[in-house]
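One structure below.
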Amino acid sequence: MKPLTILLLLAALLSAAAGARAAGTSSAAFLRVGWGARPAAMGDAFTGAADDVDALYWNPAGLNYIKRLQETFGHNIWLDGTNAEHAAFALRRSPAYVIGAGVGSMSTGDIERGNKYGYTEGFYSASDLALIFSYARRLKPKLAVGANFKVIRERIESASAQAFALDAGAVYEMSPKLKLGATLKNLGTGLTLEKTPCPLPMSLRAGAALQYSKNLLLTSDVSLPFDDSLSLHFGGEYLYPSPIKGVRLTLRAGFKTSAMSYLGAMSAISLGFGAEAGAIGLDYALSPYGDLGMTHRLSLKIKFDSLSARPEDEGITVLKGGKTIKRSAADLYKETMQWFYAKAAAEKLNKDEQALILQRIVDKFAPLGVDVTEARQKLGGGAGAPKN
């Protein structure tokens, strides 16, 4: 049984065991507010599409697509004077795995304290904090998994509580253009404020991401909160031809059903854009929430795996004919694959022997930023000589 199927079955069993809760009965509601302007602009349809540092929140398995190091900083102008911030990083420690960490907070500002007669008696505040520690690795050429450990703290006036939770995620590559993802979020201990225990907002999400064309990415998610009704999410990202050399522009839009029933049709729409130059990227998202107003998200990303100092740009030093020369990692990868095909045919290697060599090729060149799709496809579908 595939791990992705196991994750879905486990989530179904947990959902049945938990029973149906009334909407709004969970604590730590701030955990529902997603990180990152890019996913928000795409209607929160990011479970299958997660491929950068934002995956730390949406699907930790997506951290496997990070080549070196990425960082992000985000600000969210939420509803009724509430603001949320987050900061996170993800680092590839070896060809085998990626680690990450992030911190997110939400603050309400001053809230009036009223007495039973309706008069104001000063103010109080509330705040929330979440620390996330992530680990991701690729189990098979087409299957990546990841997990989060969370420390959650909630404070209202002088009362505070702390909880711990886990997220689990998986991404399965159906083809080079289609990815499927699933996450089980906020499986944890719950919070107890003023002797009142409340469960965390546990949920299951499943999604797909289709690279429809070179410039167009289409995404969809199904979200099943354990204390609310099912919602559908759809998104798109279009790479717009930039008039400025060296600048990458993207236009994004999304549609989600989660708030339509009580906030109206306009709350289903989200829009945004992104601009990226070198290692620096800036994303913006706008989401209307009916009579409650508009929310604005702004995210800054730094992708060190896109800097010119990457190993594949600098080249790899090799010894040839008694001389030390530098070769590009991409060229060496192509030559290595040609050598593999010749060796497999000449020595009649069996599938296990071929798989061992291919895995070593992937482990060597993938962290250098080389596109190793060919080697991964051979691993997944059986190795052999290339077709003419």
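Residues are named by chain letter and number: chains run A, B, ... in the order of the structure tokens, numbers start at 1 in each chain, and ligands are numbered from 1 in the order shown.
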task = Write down as a PyMOL selection string the residues of stretch 186-319 of chain A whose backbone DSSP state falls under alpha helix (DSSP H).
result = chain A and resi 260-263+311-314
Export C-alpha atoms of the chosen residues as a compact mmCIF listing (two decimals), in the first residue's frame?
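Writing the result to selection01.txt gives the following:
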```
# COMPACT_ATOMS: atom_id res chain seq x y z
CA MET A 260 -19.36 31.70 0.62
CA SER A 261 -22.32 30.55 2.69
CA TYR A 262 -22.02 33.32 5.28
CA LEU A 263 -19.89 36.02 3.61
CA PRO A 311 27.52 24.73 -7.92
CA GLU A 312 26.09 24.00 -11.38
CA ASP A 313 27.04 27.54 -12.49
CA GLU A 314 30.48 27.40 -10.96
```
Do a neighbour search on A:Asn64 at 10 Å with only C-alpha atoms, toss out local chain neighbours closer than 5 positions, and write the hits as a PDB file with C-alpha atoms, in the first residue's frame.
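The file below, out.pdb, is the result:
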```
ATOM      1  CA  ALA A  50       3.807  23.189  -2.726  1.00  0.00           C
ATOM      2  CA  ASP A  51       7.363  23.452  -4.052  1.00  0.00           C
ATOM      3  CA  ASP A  52       9.050  26.242  -2.087  1.00  0.00           C
ATOM      4  CA  VAL A  53       9.486  27.422   1.496  1.00  0.00           C
ATOM      5  CA  ALA A  55       5.350  24.298   1.811  1.00  0.00           C
ATOM      6  CA  ALA A  90      14.146  25.602   4.653  1.00  0.00           C
ATOM      7  CA  LEU A  91      17.613  24.124   4.156  1.00  0.00           C
ATOM      8  CA  ARG A  92      18.746  21.077   2.215  1.00  0.00           C
ATOM      9  CA  PRO A  95      20.773  14.950  -0.983  1.00  0.00           C
ATOM     10  CA  ALA A  96      18.558  12.812   1.253  1.00  0.00           C
ATOM     11  CA  TYR A  97      16.596  15.325   3.315  1.00  0.00           C
ATOM     12  CA  VAL A  98      15.533  18.930   3.969  1.00  0.00           C
ATOM     13  CA  ILE A  99      14.939  20.612   7.319  1.00  0.00           C
ATOM     14  CA  TYR A 135      11.662  17.455   8.162  1.00  0.00           C
ATOM     15  CA  ALA A 136      11.190  16.200   4.593  1.00  0.00           C
ATOM     16  CA  ARG A 137      12.726  13.470   2.480  1.00  0.00           C
ATOM     17  CA  ARG A 138      12.077  11.553  -0.731  1.00  0.00           C
ATOM     18  CA  LEU A 143       7.087   9.937  -3.681  1.00  0.00           C
ATOM     19  CA  ALA A 144       8.123  12.637  -1.188  1.00  0.00           C
ATOM     20  CA  VAL A 145       7.009  12.895   2.444  1.00  0.00           C
ATOM     21  CA  GLY A 146       7.371  15.422   5.235  1.00  0.00           C
ATOM     22  CA  VAL A 171       3.438  14.450  -2.625  1.00  0.00           C
TER      23      VAL A 171
END
```
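Separating atom CA of A:Leu298 from atom CA of A:Arg32 is a distance of 17.5 Å.
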inquiry  = Need to verify the contact set: stretch 183-199 of chain A, 6 Å, only C-alpha atoms, exclusion of same-chain residues closer than 6 positions in sequence. Can you return it as number ranges by chain?
reply    = A: 26-27, 59, 161, 163-169, 205
ask   = Residues at most 6 Å from A:Arg297, counting only C-alpha atoms, excluding those fewer than 2 positions away in the same chain, as a count of residues only?
value = 5
